[in-house]
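Have a look at coords-v8.cif below; it lists mmCIF, C-alpha atoms.
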```
data_coords
loop_
_atom_site.label_atom_id
_atom_site.label_comp_id
_atom_site.auth_asym_id
_atom_site.auth_seq_id
_atom_site.Cartn_x
_atom_site.Cartn_y
_atom_site.Cartn_z
CA MET A 897 -8.17 -25.58 12.92
CA LYS A 898 -10.24 -25.69 9.73
CA SER A 899 -12.05 -22.45 10.59
CA LYS A 900 -8.69 -20.79 11.29
CA LYS A 901 -7.45 -21.86 7.85
CA ILE A 902 -10.58 -20.48 6.21
CA TRP A 903 -10.14 -17.16 8.05
CA GLU A 904 -6.47 -16.92 7.03
CA ASN A 905 -7.38 -17.55 3.38
CA PHE A 906 -10.14 -14.96 3.64
CA ILE A 907 -7.66 -12.39 4.97
CA LEU A 908 -5.18 -13.18 2.16
CA VAL A 909 -7.91 -12.58 -0.44
CA ALA A 910 -8.90 -9.38 1.37
CA ILE A 911 -5.28 -8.18 1.25
CA PHE A 912 -5.12 -8.58 -2.52
CA LEU A 913 -8.51 -6.90 -2.94
CA VAL A 914 -7.68 -3.93 -0.71
CA ILE A 915 -4.50 -3.28 -2.72
CA VAL A 916 -6.65 -3.19 -5.87
CA GLN A 917 -9.17 -0.93 -4.11
CA THR A 918 -6.42 1.46 -2.99
CA PHE A 919 -5.17 1.75 -6.57
CA LEU A 920 -8.67 2.26 -8.01
CA ASP A 921 -9.49 4.91 -5.41
CA ASP A 922 -6.78 7.22 -6.72
CA TYR A 923 -7.18 6.10 -10.32
CA SER A 924 -10.87 7.00 -10.21
CA ARG A 925 -9.95 10.56 -9.24
CA TYR A 926 -7.22 10.74 -11.84
CA GLN A 927 -9.68 9.66 -14.56
CA HIS A 928 -12.52 11.61 -12.90
CA TRP A 929 -14.99 8.75 -12.63
CA SER A 930 -18.62 9.39 -11.79
CA ILE A 931 -19.65 10.19 -8.23
CA PRO A 932 -21.53 6.86 -7.72
CA ALA A 933 -18.41 4.90 -8.77
CA ARG A 934 -16.18 6.88 -6.40
CA ASN A 935 -18.70 6.53 -3.59
CA MET A 936 -18.72 2.76 -4.10
CA LEU A 937 -14.92 2.70 -3.74
CA LEU A 938 -15.25 4.79 -0.57
CA LEU A 939 -17.71 2.27 0.91
CA THR A 940 -15.53 -0.72 -0.03
CA GLY A 941 -12.57 1.05 1.60
CA LEU A 942 -14.58 1.32 4.82
CA LEU A 943 -15.50 -2.38 4.57
CA PHE A 944 -11.85 -3.45 4.25
CA ASP A 945 -10.74 -1.15 7.08
CA LEU A 946 -13.46 -2.66 9.29
CA ILE A 947 -12.35 -6.21 8.42
CA PHE A 948 -8.69 -5.49 9.18
CA SER A 949 -9.54 -3.55 12.35
CA ILE A 950 -11.59 -6.49 13.63
CA GLU A 951 -8.76 -8.87 12.71
CA PHE A 952 -6.23 -6.71 14.58
CA ILE A 953 -8.44 -6.55 17.70
CA VAL A 954 -9.03 -10.33 17.64
CA ARG A 955 -5.32 -11.06 17.21
CA THR A 956 -4.49 -8.71 20.09
CA LEU A 957 -7.08 -10.36 22.36
CA LEU A 958 -5.81 -13.85 21.51
CA ALA A 959 -2.21 -12.73 22.13
CA ASN A 960 -3.28 -11.20 25.44
CA LYS A 961 -4.96 -14.47 26.42
CA LYS A 962 -1.60 -16.21 25.92
CA GLY A 963 0.33 -13.38 27.60
CA GLN A 964 2.08 -12.56 24.29
CA VAL A 965 0.78 -9.10 23.39
CA LEU A 966 4.26 -7.55 23.35
CA ARG A 967 5.58 -10.43 21.26
CA TYR A 968 2.73 -9.99 18.76
CA TRP A 969 3.31 -6.24 18.50
CA LEU A 970 7.09 -6.39 18.16
CA TYR A 971 7.82 -9.71 16.48
CA GLY A 972 4.46 -10.66 14.96
CA ARG A 973 4.22 -7.28 13.24
CA GLY A 974 1.18 -6.28 15.26
CA TRP A 975 2.21 -2.66 14.78
CA VAL A 976 1.86 -3.20 11.02
CA ASP A 977 -1.63 -4.65 11.49
CA PHE A 978 -2.50 -1.62 13.63
CA LEU A 979 -1.18 1.02 11.22
CA SER A 980 -2.98 -0.58 8.28
CA SER A 981 -6.37 -0.80 10.00
CA ILE A 982 -7.61 1.39 12.87
CA PRO A 983 -6.00 4.76 11.90
CA LEU A 984 -7.39 4.34 8.38
CA LEU A 985 -10.83 3.58 9.78
CA LEU A 986 -10.81 6.58 12.13
CA PHE A 987 -9.15 9.20 9.94
CA ASN A 988 -9.79 8.17 6.33
CA SER A 989 -12.66 5.88 5.30
CA GLY A 990 -14.76 6.48 8.44
CA PRO A 991 -15.09 10.29 8.12
CA GLY A 992 -15.53 10.02 4.35
CA VAL A 993 -18.43 7.56 4.61
CA TYR A 994 -19.94 9.60 7.46
CA LEU A 995 -20.02 12.70 5.25
CA LEU A 996 -21.51 10.64 2.42
CA LEU A 997 -24.25 8.90 4.41
CA SER A 998 -25.16 11.96 6.49
CA GLY A 999 -25.68 14.02 3.34
CA ARG A 1000 -23.01 16.51 4.37
CA MET A 1001 -20.78 15.83 1.38
CA GLU A 1002 -22.34 18.86 -0.30
CA GLU A 1003 -22.84 21.15 2.70
CA GLY A 1004 -20.88 24.35 2.69
CA ALA A 1005 -17.38 25.39 3.66
CA GLY A 1006 -17.14 22.95 6.56
CA ALA A 1007 -17.60 20.00 4.24
CA ILE A 1008 -15.07 21.46 1.80
CA ALA A 1009 -12.49 21.88 4.56
CA THR A 1010 -13.11 18.32 5.78
CA LEU A 1011 -12.76 16.92 2.26
CA ASN A 1012 -9.53 18.86 1.76
CA ILE A 1013 -8.15 17.44 5.02
CA LEU A 1014 -9.14 13.95 3.88
CA LYS A 1015 -7.16 14.48 0.67
CA ILE A 1016 -4.06 15.10 2.78
CA VAL A 1017 -4.79 12.19 5.12
CA LYS A 1018 -5.22 9.87 2.13
CA ALA A 1019 -1.43 9.59 2.05
CA ILE A 1020 -1.66 7.17 4.97
CA ARG A 1021 -3.76 4.78 2.86
CA VAL A 1022 -0.53 3.36 1.46
CA THR A 1023 -0.01 1.71 4.85
CA ARG A 1024 -2.47 -0.91 3.51
CA ILE A 1025 0.36 -2.07 1.25
CA LEU A 1026 2.28 -3.15 4.36
CA ARG A 1027 -0.18 -6.05 4.54
CA LEU A 1028 1.51 -7.55 1.49
CA ILE A 1029 4.16 -8.71 3.95
CA ARG A 1030 1.55 -11.13 5.30
CA ILE A 1031 1.61 -13.12 2.03
CA MET A 1032 5.33 -13.87 2.33
CA LYS A 1033 4.52 -17.56 2.84
CA ILE A 1034 3.00 -17.74 -0.62
CA PHE A 1035 6.18 -16.45 -2.23
CA GLY A 1036 8.18 -18.81 -0.04
CA LYS A 1037 6.33 -21.70 -1.65
CA ILE A 1038 6.97 -20.25 -5.10
CA HIS A 1039 10.70 -20.35 -4.34
CA ASN A 1040 10.41 -23.69 -2.51
CA ALA A 1041 11.66 -21.72 0.46
CA GLU A 1042 9.89 -22.89 3.58
CA SER A 1043 12.63 -21.37 5.72
CA LYS A 1044 11.13 -19.39 8.59
CA MET A 1045 14.36 -17.41 8.80
CA ALA A 1046 14.15 -16.39 5.12
CA GLN A 1047 10.54 -15.31 5.54
CA ARG A 1048 11.28 -13.37 8.72
CA HIS A 1049 14.37 -11.58 7.38
CA THR A 1050 12.70 -10.70 4.09
CA SER A 1051 9.61 -9.47 5.93
CA THR A 1052 11.72 -7.35 8.27
CA ILE A 1053 13.75 -5.64 5.58
CA ALA A 1054 10.70 -5.14 3.33
CA THR A 1055 8.66 -3.71 6.21
CA THR A 1056 11.50 -1.38 7.21
CA ALA A 1057 11.95 -0.08 3.67
CA VAL A 1058 8.23 0.40 3.02
CA PHE A 1059 7.59 1.97 6.42
CA THR A 1060 10.42 4.45 5.81
CA ILE A 1061 8.85 5.46 2.49
CA ILE A 1062 5.44 5.80 4.13
CA ILE A 1063 6.86 8.08 6.84
CA VAL A 1064 8.38 10.28 4.13
CA LEU A 1065 5.06 10.32 2.25
CA VAL A 1066 3.05 11.22 5.35
CA ILE A 1067 5.45 14.08 6.17
CA SER A 1068 5.50 15.30 2.56
CA SER A 1069 1.69 15.10 2.42
CA PHE A 1070 1.47 18.03 4.82
CA PHE A 1071 3.61 20.11 2.48
CA THR A 1072 1.60 18.83 -0.47
CA GLY A 1073 -1.55 19.84 1.42
CA GLN A 1074 -0.21 23.35 1.88
CA THR A 1075 0.60 23.49 -1.84
CA PHE A 1076 -2.93 22.26 -2.59
CA GLU A 1077 -4.46 24.95 -0.36
CA ARG A 1078 -2.31 27.63 -1.98
CA ALA A 1079 -3.42 26.44 -5.43
CA LEU A 1080 -7.07 26.64 -4.39
CA ASN A 1081 -6.64 30.09 -2.83
CA SER A 1082 -4.76 31.31 -5.87
CA ARG A 1083 -7.48 30.07 -8.20
CA THR A 1084 -10.21 31.65 -6.05
CA LYS A 1085 -8.37 34.96 -6.01
CA SER A 1086 -7.84 34.82 -9.78
CA TYR A 1087 -11.56 34.40 -10.52
CA ASN A 1088 -12.53 37.04 -7.98
CA ASN A 1089 -10.24 39.41 -9.85
CA MET A 1090 -11.90 38.36 -13.11
CA ILE A 1091 -15.33 39.15 -11.68
CA GLN A 1092 -14.09 42.50 -10.47
CA SER A 1093 -12.75 43.25 -13.95
CA ILE A 1094 -16.17 42.45 -15.44
CA LYS A 1095 -17.75 44.85 -12.97
CA ASN A 1096 -15.30 47.60 -13.93
CA ILE A 1097 -15.87 47.07 -17.66
CA ASN A 1098 -19.62 47.15 -17.14
CA ASN A 1099 -19.45 50.34 -15.12
CA THR A 1100 -17.02 52.08 -17.48
CA MET A 1101 -18.24 51.01 -20.91
CA GLU A 1102 -21.83 50.14 -20.04
CA ILE A 1103 -21.60 46.83 -21.89
CA PRO A 1104 -24.49 44.46 -21.03
CA LEU A 1105 -23.35 42.26 -18.19
CA ARG A 1106 -24.66 38.85 -19.19
CA PRO A 1107 -23.29 38.88 -22.79
CA LEU A 1108 -19.97 40.09 -21.39
CA MET A 1109 -19.90 37.26 -18.86
CA TYR A 1110 -20.74 34.73 -21.56
CA LYS A 1111 -18.00 36.03 -23.86
CA LEU A 1112 -15.32 35.93 -21.16
CA PHE A 1113 -16.33 32.73 -19.38
CA SER A 1114 -17.16 30.51 -22.36
CA GLY A 1115 -13.50 30.43 -23.41
CA ASP A 1116 -12.29 29.27 -19.97
CA VAL A 1117 -12.49 25.45 -19.76
CA LYS A 1118 -12.22 25.54 -15.95
CA ILE A 1119 -15.51 27.43 -15.54
CA LEU A 1120 -18.30 24.87 -15.37
CA ARG A 1121 -21.24 27.16 -14.63
CA ALA A 1122 -21.75 30.90 -14.16
CA HIS A 1123 -24.71 32.52 -12.42
CA TYR A 1124 -25.72 36.13 -12.01
CA GLU A 1125 -28.56 37.10 -9.67
CA ASP A 1126 -29.54 33.43 -9.38
CA LEU A 1127 -29.92 33.12 -13.16
CA LEU A 1128 -27.78 30.76 -15.22
CA VAL A 1129 -25.63 32.74 -17.64
CA PHE A 1130 -23.33 30.03 -18.90
CA SER A 1131 -23.01 26.27 -18.46
CA ARG A 1132 -20.33 24.07 -19.99
CA ILE A 1133 -22.07 20.83 -19.04
CA SER A 1134 -25.66 19.81 -18.45
CA GLU A 1135 -27.22 19.76 -15.00
CA GLU A 1136 -27.38 15.97 -15.17
CA LYS A 1137 -23.67 15.59 -15.99
CA PHE A 1138 -22.73 18.15 -13.36
CA ASN A 1139 -24.58 16.25 -10.64
CA GLU A 1140 -23.14 12.93 -11.83
CA PHE A 1141 -19.46 13.90 -12.04
CA TYR A 1142 -18.92 16.90 -9.75
CA ARG A 1143 -19.16 17.10 -5.99
CA MET A 1144 -17.78 19.65 -3.53
CA ASP A 1145 -14.17 18.53 -3.78
CA ASP A 1146 -14.26 18.70 -7.60
CA TYR A 1147 -14.97 22.42 -7.92
CA LEU A 1148 -14.63 25.81 -6.25
CA LEU A 1149 -17.65 27.98 -5.62
CA VAL A 1150 -16.51 31.58 -6.17
CA GLU A 1151 -19.09 34.08 -4.92
CA ASN A 1152 -18.77 37.84 -5.37
CA ASP A 1153 -21.88 40.00 -4.84
CA SER A 1154 -24.46 38.62 -7.30
CA PHE A 1155 -21.88 36.53 -9.18
CA ARG A 1156 -21.49 32.80 -8.62
CA LEU A 1157 -18.92 30.75 -10.49
CA PHE A 1158 -18.43 26.97 -10.32
CA VAL A 1159 -14.74 26.49 -11.14
CA SER A 1160 -13.33 23.01 -11.74
CA VAL A 1161 -10.36 21.81 -9.67
CA VAL A 1162 -10.23 18.40 -11.36
CA ASP A 1163 -6.79 19.26 -12.76
CA ILE A 1164 -5.45 19.86 -9.23
CA ASN A 1165 -7.04 16.63 -8.01
CA LYS A 1166 -5.38 14.80 -10.91
CA GLN A 1167 -1.97 16.10 -9.84
CA ILE A 1168 -2.53 14.82 -6.30
CA SER A 1169 -3.81 11.47 -7.58
CA ALA A 1170 -0.85 11.14 -9.95
CA PHE A 1171 1.53 11.66 -7.03
CA ASN A 1172 -0.38 9.09 -4.94
CA LEU A 1173 -0.38 6.56 -7.79
CA GLN A 1174 3.34 7.05 -8.30
CA SER A 1175 3.95 6.42 -4.61
CA PHE A 1176 1.66 3.38 -4.74
CA PHE A 1177 3.58 1.76 -7.60
CA ILE A 1178 6.96 2.52 -6.02
CA ILE A 1179 5.94 0.76 -2.80
CA VAL A 1180 4.26 -2.22 -4.51
CA ILE A 1181 7.23 -2.78 -6.82
CA LEU A 1182 9.59 -2.47 -3.85
CA VAL A 1183 7.64 -5.05 -1.84
CA PHE A 1184 7.47 -7.54 -4.71
CA THR A 1185 11.16 -7.00 -5.46
CA PHE A 1186 12.03 -7.98 -1.91
CA MET A 1187 9.64 -10.92 -2.01
CA ILE A 1188 10.77 -12.30 -5.35
CA ILE A 1189 14.44 -11.31 -5.72
CA TYR A 1190 15.73 -10.86 -2.18
CA THR A 1191 13.96 -13.96 -0.84
CA LYS A 1192 15.60 -16.09 -3.53
CA HIS A 1193 19.00 -14.51 -2.82
CA PHE A 1194 18.65 -15.07 0.93
CA VAL A 1195 17.61 -18.69 0.46
CA GLN A 1196 20.50 -19.48 -1.87
CA THR A 1197 23.19 -17.73 0.17
CA ILE A 1198 22.03 -18.21 3.77
CA SER A 1199 19.19 -20.55 4.67
CA ASP A 1200 19.98 -23.35 2.18
CA ILE A 1201 23.55 -23.51 3.46
CA ILE A 1202 22.43 -23.64 7.07
CA HIS A 1203 19.89 -26.30 6.13
CA ILE A 1204 22.58 -28.54 4.57
CA ILE A 1205 25.01 -28.07 7.46
CA ARG A 1206 22.28 -28.74 10.03
CA ARG A 1207 21.28 -31.99 8.34
CA GLY A 1208 24.91 -33.02 8.04
CA LEU A 1209 25.41 -32.45 11.77
CA THR A 1210 22.23 -34.19 12.92
CA GLU A 1211 21.64 -36.97 10.37
CA LYS A 1212 24.04 -39.90 10.28
CA ASP A 1213 23.64 -40.76 6.58
CA TYR A 1214 23.45 -37.20 5.25
CA ASN A 1215 26.81 -36.31 3.69
CA LEU A 1216 25.96 -33.69 1.08
CA GLN A 1217 28.57 -30.98 0.60
CA VAL A 1218 27.77 -27.28 0.46
CA LYS A 1219 28.37 -25.71 -2.92
CA ILE A 1220 30.80 -22.83 -2.40
CA ARG A 1221 29.94 -19.87 -4.63
CA GLU A 1222 33.16 -18.19 -5.66
CA GLU A 1223 31.67 -14.70 -5.70
CA PHE A 1224 30.64 -15.08 -2.03
CA SER A 1225 33.56 -17.22 -0.85
CA GLU A 1226 34.77 -14.52 1.57
CA ASP A 1227 31.44 -14.38 3.41
CA GLU A 1228 31.53 -15.81 6.94
CA ILE A 1229 28.83 -18.38 6.22
CA PHE A 1230 30.76 -19.74 3.24
CA LYS A 1231 33.91 -19.86 5.37
CA LEU A 1232 31.91 -22.01 7.78
CA ALA A 1233 30.67 -24.12 4.87
CA GLU A 1234 34.24 -24.55 3.66
CA TYR A 1235 35.27 -25.86 7.10
CA TYR A 1236 32.22 -28.16 7.04
CA ASN A 1237 33.20 -29.52 3.60
CA ASP A 1238 36.96 -29.85 4.18
CA VAL A 1239 37.16 -30.83 7.86
CA TYR A 1240 33.89 -32.04 9.33
CA LEU A 1241 32.58 -34.19 6.47
CA PRO A 1242 35.89 -36.09 5.88
CA GLU A 1243 36.13 -36.78 9.62
CA LYS A 1244 32.50 -37.91 9.68
CA LEU A 1245 33.07 -40.26 6.74
CA ARG A 1246 36.27 -41.60 8.33
CA LYS A 1247 34.42 -42.48 11.53
CA GLN A 1248 31.64 -44.12 9.54
CA GLN A 1249 34.23 -46.26 7.76
CA GLU A 1250 35.83 -47.24 11.07
CA GLU A 1251 32.44 -48.32 12.41
CA LYS A 1252 31.90 -50.50 9.37
CA GLU A 1253 35.29 -52.12 9.79
CA LYS A 1254 34.57 -52.88 13.46
CA LYS A 1255 31.49 -54.81 12.36
CA GLY A 1256 33.65 -57.31 10.49
CA THR A 1257 31.78 -60.29 11.99
CA VAL A 1258 28.76 -59.40 9.95
CA LEU A 1259 28.64 -61.47 6.77
CA SER A 1260 28.96 -59.51 3.59
CA MET A 1261 27.81 -60.52 0.11
CA ASP A 1262 31.42 -61.31 -0.79
CA ASP A 1263 31.61 -63.73 2.16
CA LEU A 1264 28.51 -65.52 0.97
CA MET A 1265 29.86 -65.84 -2.55
CA ASP A 1266 33.16 -67.27 -1.22
CA PHE A 1267 31.28 -69.80 0.94
CA LYS A 1268 29.27 -70.96 -2.08
#
```
In structure tokens, how does this file's structure come out?
Amino acid sequence: MKSKKIWENFILVAIFLVIVQTFLDDYSRYQHWSIPARNMLLLTGLLFDLIFSIEFIVRTLLANKKGQVLRYWLYGRGWVDFLSSIPLLLFNSGPGVYLLLSGRMEEGAGAIATLNILKIVKAIRVTRILRLIRIMKIFGKIHNAESKMAQRHTSTIATTAVFTIIIVLVISSFFTGQTFERALNSRTKSYNNMIQSIKNINNTMEIPLRPLMYKLFSGDVKILRAHYEDLLVFSRISEEKFNEFYRMDDYLLVENDSFRLFVSVVDINKQISAFNLQSFFIIVILVFTFMIIYTKHFVQTISDIIHIIRRGLTEKDYNLQVKIREEFSEDEIFKLAEYYNDVYLPEKLRKQQEEKEKKGTVLSMDDLMDFK
């Protein structure tokens, strides 16, 4: 039992940390952090996905041992545990870390295509936020709401709302991916046209090629480095800074005959990250709104009323009335509470009084005073 409690607490801490990691992953791209910092976030993402995948497998095996796999999947939100673990491991953090550790992060068009696909797939990372539903018990204690019904209903409606948003995000990510590809192709075509123009000017006016390249490229902030015949013609940043902050998904390599241009796509990455961060905050705020506001509303208008009525029906000396809220007086549960207050409780008190009167042989304090 103690080890189970330790594991549950460990998972709760991991849930909070993975939400922070998910935010930092996109924020690091938006602020264009160094490659080592982004790689560290990639590795921590893999670690969390491994932890949650192992947890999901263990929970499924334990449920299977009790013959309750279907119950775990449908009513224990096993499907949430699945979506926020194994698919992320297989299609997001796993391939990314494989490219990193195998040294293929910088290898040619195949790596670029894979990284671009991963940018689209990153939309499913927000499924990690579904794990916030697991900490519903903590917010129940904040509200002094230990009601299982309140926790279950709030979890269900929060999960439904968040999952709907995630489905929309995953679908829209494919369209966003197409827009991203079009932006990359458009930028590649634009700089190929620029190179062709330089060729034409050189052929027509016989202007020295390298000074012409420097004059045209130095004013374009997107061009990081320009090479001609394997010689560096222009560089906006040092070799050290380039290696520290730019990897294959941060720039385009435009090659045309003897020309090679390294063109930044950090601005496009920032747009994608800004969209992901916006989606992240929408979902987190939505989840916490349900946890904090809706849980309190449900407790005050549903579970507290049922709790009072249940105690009144089952406990002999419990005679507390339900407070009828005027703004909700037409709700069925308050109609029931009104019947409980006006009919059941008076009848209960009347019967209690009759029982006391039947026990008239028992000496009361007044009888003792009279005898004295």
What's the 12 Å shell around Arg973 in chain A, counting all atoms listed in the file, without same-chain residues fewer than 5 positions away, as a PyMOL selection string?
chain A and resi 952+955-956+965-968+978-980+1026-1027+1029-1030+1048+1051-1052+1055-1056+1059
Any chance you could work out the residue set of the PyMOL selection byres ((chain A and resi 1120-1126) around 6) here, as number ranges by chain?
A: 1119, 1127-1132, 1154-1159
Which of these, A:Phe1071, A:Phe948, A:Phe1194, A:Trp929, has the shortest distance to Trp903 in chain A once you count all atoms listed in the file?
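Once distances to Trp903 in chain A are computed over all atoms listed in the file, the minimum belongs to A:Phe948.
Counting only C-alpha atoms and comparing A:Asp1153, A:Phe1076, A:Gln1196, A:Asp1163, the residue that lies closest to Val1117 in chain A is A:Asp1163.
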When you count all atoms listed in the file, which of these residues is closest to Met1109 in chain A: A:Ile1189, A:Ile1164, A:Met936, A:Ile1094?
A:Ile1094
Check the smallest atom-to-atom distance from each of A:Leu908, A:Val1066, A:Ile1053, A:Val1150 to Arg1021 in chain A using only C-alpha atoms, then report the winner.
A:Val1066
Could you give me, as a short mmCIF file (atom, residue, chain, number, x, y, z; two decimals) with C-alpha atoms, in the coordinates of the input, the residues within 12 Å of Phe1230 in chain A, counting all atoms listed in the file and dropping anything in the same chain fewer than 2 positions from it?
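Dumped everything to result-v2.cif:
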```cif
data_model
loop_
_atom_site.label_atom_id
_atom_site.label_comp_id
_atom_site.auth_asym_id
_atom_site.auth_seq_id
_atom_site.Cartn_x
_atom_site.Cartn_y
_atom_site.Cartn_z
CA GLN A 1196 20.50 -19.48 -1.87
CA THR A 1197 23.19 -17.73 0.17
CA ILE A 1198 22.03 -18.21 3.77
CA SER A 1199 19.19 -20.55 4.67
CA ASP A 1200 19.98 -23.35 2.18
CA ILE A 1201 23.55 -23.51 3.46
CA ILE A 1202 22.43 -23.64 7.07
CA ILE A 1205 25.01 -28.07 7.46
CA GLN A 1217 28.57 -30.98 0.60
CA VAL A 1218 27.77 -27.28 0.46
CA LYS A 1219 28.37 -25.71 -2.92
CA ILE A 1220 30.80 -22.83 -2.40
CA ARG A 1221 29.94 -19.87 -4.63
CA GLU A 1222 33.16 -18.19 -5.66
CA GLU A 1223 31.67 -14.70 -5.70
CA PHE A 1224 30.64 -15.08 -2.03
CA SER A 1225 33.56 -17.22 -0.85
CA GLU A 1226 34.77 -14.52 1.57
CA ASP A 1227 31.44 -14.38 3.41
CA GLU A 1228 31.53 -15.81 6.94
CA LEU A 1232 31.91 -22.01 7.78
CA ALA A 1233 30.67 -24.12 4.87
CA GLU A 1234 34.24 -24.55 3.66
CA TYR A 1235 35.27 -25.86 7.10
CA TYR A 1236 32.22 -28.16 7.04
CA ASN A 1237 33.20 -29.52 3.60
CA ASP A 1238 36.96 -29.85 4.18
#
```
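Applied to the shown file, the PyMOL selection byres ((chain A and resi 1095) around 12) selects the residues Asn1088, Asn1089, Met1090, Ile1091, Gln1092, Ser1093, Ile1094, Asn1096, Ile1097, Asn1098, Asn1099, Thr1100, Met1101, Glu1102, Ile1103, Pro1104, Leu1105, Arg1106, Leu1108, Met1109, Tyr1124, Asn1152, Asp1153, Ser1154 and Phe1155 of chain A.
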Residue completion, range 1129-1140 of chain A, N, CA and C atoms, as a compact mmCIF listing (two decimals), in the coordinates of the input:
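Once everything was written out, this is part02.txt:
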```txt
# COMPACT_ATOMS: atom_id res chain seq x y z
N VAL A 1129 -26.13 31.98 -16.50
CA VAL A 1129 -25.63 32.74 -17.64
C VAL A 1129 -24.88 31.85 -18.62
N PHE A 1130 -24.14 30.91 -18.05
CA PHE A 1130 -23.33 30.03 -18.90
C PHE A 1130 -23.16 28.68 -18.21
N SER A 1131 -23.24 27.61 -18.99
CA SER A 1131 -23.01 26.27 -18.46
C SER A 1131 -22.27 25.44 -19.49
N ARG A 1132 -21.14 24.88 -19.08
CA ARG A 1132 -20.33 24.07 -19.99
C ARG A 1132 -20.88 22.65 -20.10
N ILE A 1133 -21.52 22.18 -19.04
CA ILE A 1133 -22.07 20.83 -19.04
C ILE A 1133 -23.51 20.88 -18.55
N SER A 1134 -24.26 19.85 -18.86
CA SER A 1134 -25.66 19.81 -18.45
C SER A 1134 -25.77 19.62 -16.94
N GLU A 1135 -26.95 19.93 -16.43
CA GLU A 1135 -27.22 19.76 -15.00
C GLU A 1135 -27.04 18.30 -14.58
N GLU A 1136 -27.48 17.40 -15.47
CA GLU A 1136 -27.38 15.97 -15.17
C GLU A 1136 -25.93 15.53 -15.06
N LYS A 1137 -25.09 15.96 -16.02
CA LYS A 1137 -23.67 15.59 -15.99
C LYS A 1137 -22.95 16.25 -14.81
N PHE A 1138 -23.35 17.46 -14.50
CA PHE A 1138 -22.73 18.15 -13.36
C PHE A 1138 -22.99 17.40 -12.07
N ASN A 1139 -24.23 16.98 -11.86
CA ASN A 1139 -24.58 16.25 -10.64
C ASN A 1139 -23.95 14.85 -10.60
N GLU A 1140 -23.69 14.28 -11.78
CA GLU A 1140 -23.14 12.93 -11.83
C GLU A 1140 -21.63 12.90 -11.61
```
